[in-house]
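Trainee: Please see the structure below; I have some questions.
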Amino acid sequence: MRKAAAFLSWIALVAAGPVSAHEGHQHKVMGTVVQVHVDPGKASHVEVKTTDGKTVVLSCDDKTQFVKGKAAAALRDVAAGMRVVATTKEEGKTIRAVEVQLGEMDAAKPAADHHRH
């Protein structure tokens, strides 16, 4: 019961997301990956449907860190239908992913391919 209460508290804190985002400050985005766009040599991006139903585009570059559990991961490990929690930073009109924690696949969402440009 204690673990469930702690988990629900964590979900509520993270689900608040970037309610009033300010440029230069870090925020959390939690949701399910809709699409992954890989642009070799350019900034790639991941589209995430947040827990409140909004779609957020996270710009990913060579500085973005990906983590699955305690192990390092990479953009190639991200797939549509995967749950993620991202630490982000607003840079102008762009939301840059600083760190993306990869979770499990959402059983209700079929996996889709990465889009390459």
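Labels used: A, B, ... for chains in the order of the structure tokens, numbers from 1 for residues in each chain, and numbers from 1 for ligands as shown.
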Env of region 50-55 of chain A: 7 Å cut, atoms = only C-alpha atoms, seq-sep filter 3 positions within chain, self excluded. Answer as a ChimeraX atom specification.
Mentor: /A:15,29-32,47
Trainee: Within 7 Å of region 86-90 of chain A, counting only C-alpha atoms, which residues qualify if same-chain residues fewer than 2 places away don't, as a list in words?
Mentor: His22, Glu23, Gly24, His25, Gln26, His27, Lys28, Val29, Met30, Val84, Gly92, Lys93, Thr94, Ile95, Arg96, Ala97, Val98, Glu99, Val100 and Gln101 of chain A
Trainee: Tell me, in Å to one decimal, how far CA of Val57 (chain A) is from CA of Ala71 (chain A).
Mentor: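 Value for the CA of Val57 (chain A)-CA of Ala71 (chain A) distance: 24.2 Å.
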Trainee: Could you tell me how far CA of Cys60 (chain A) lies from CA of Ser44 (chain A), in Å and to one decimal?
Mentor: 5.2 Å
Trainee: How many Å separate CA of Glu104 (chain A) from CA of Glu91 (chain A)?
Mentor: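 It comes out at 28.6 Å.
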Trainee: Let me make sure I understand: among A:Lys68, A:Arg76, A:Val56, A:Lys63, which one has the smallest atom-to-atom distance to Asp39 (chain A) if we use only C-alpha atoms?
Mentor: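 Among the listed residues, A:Arg76 lies closest to Asp39 (chain A).
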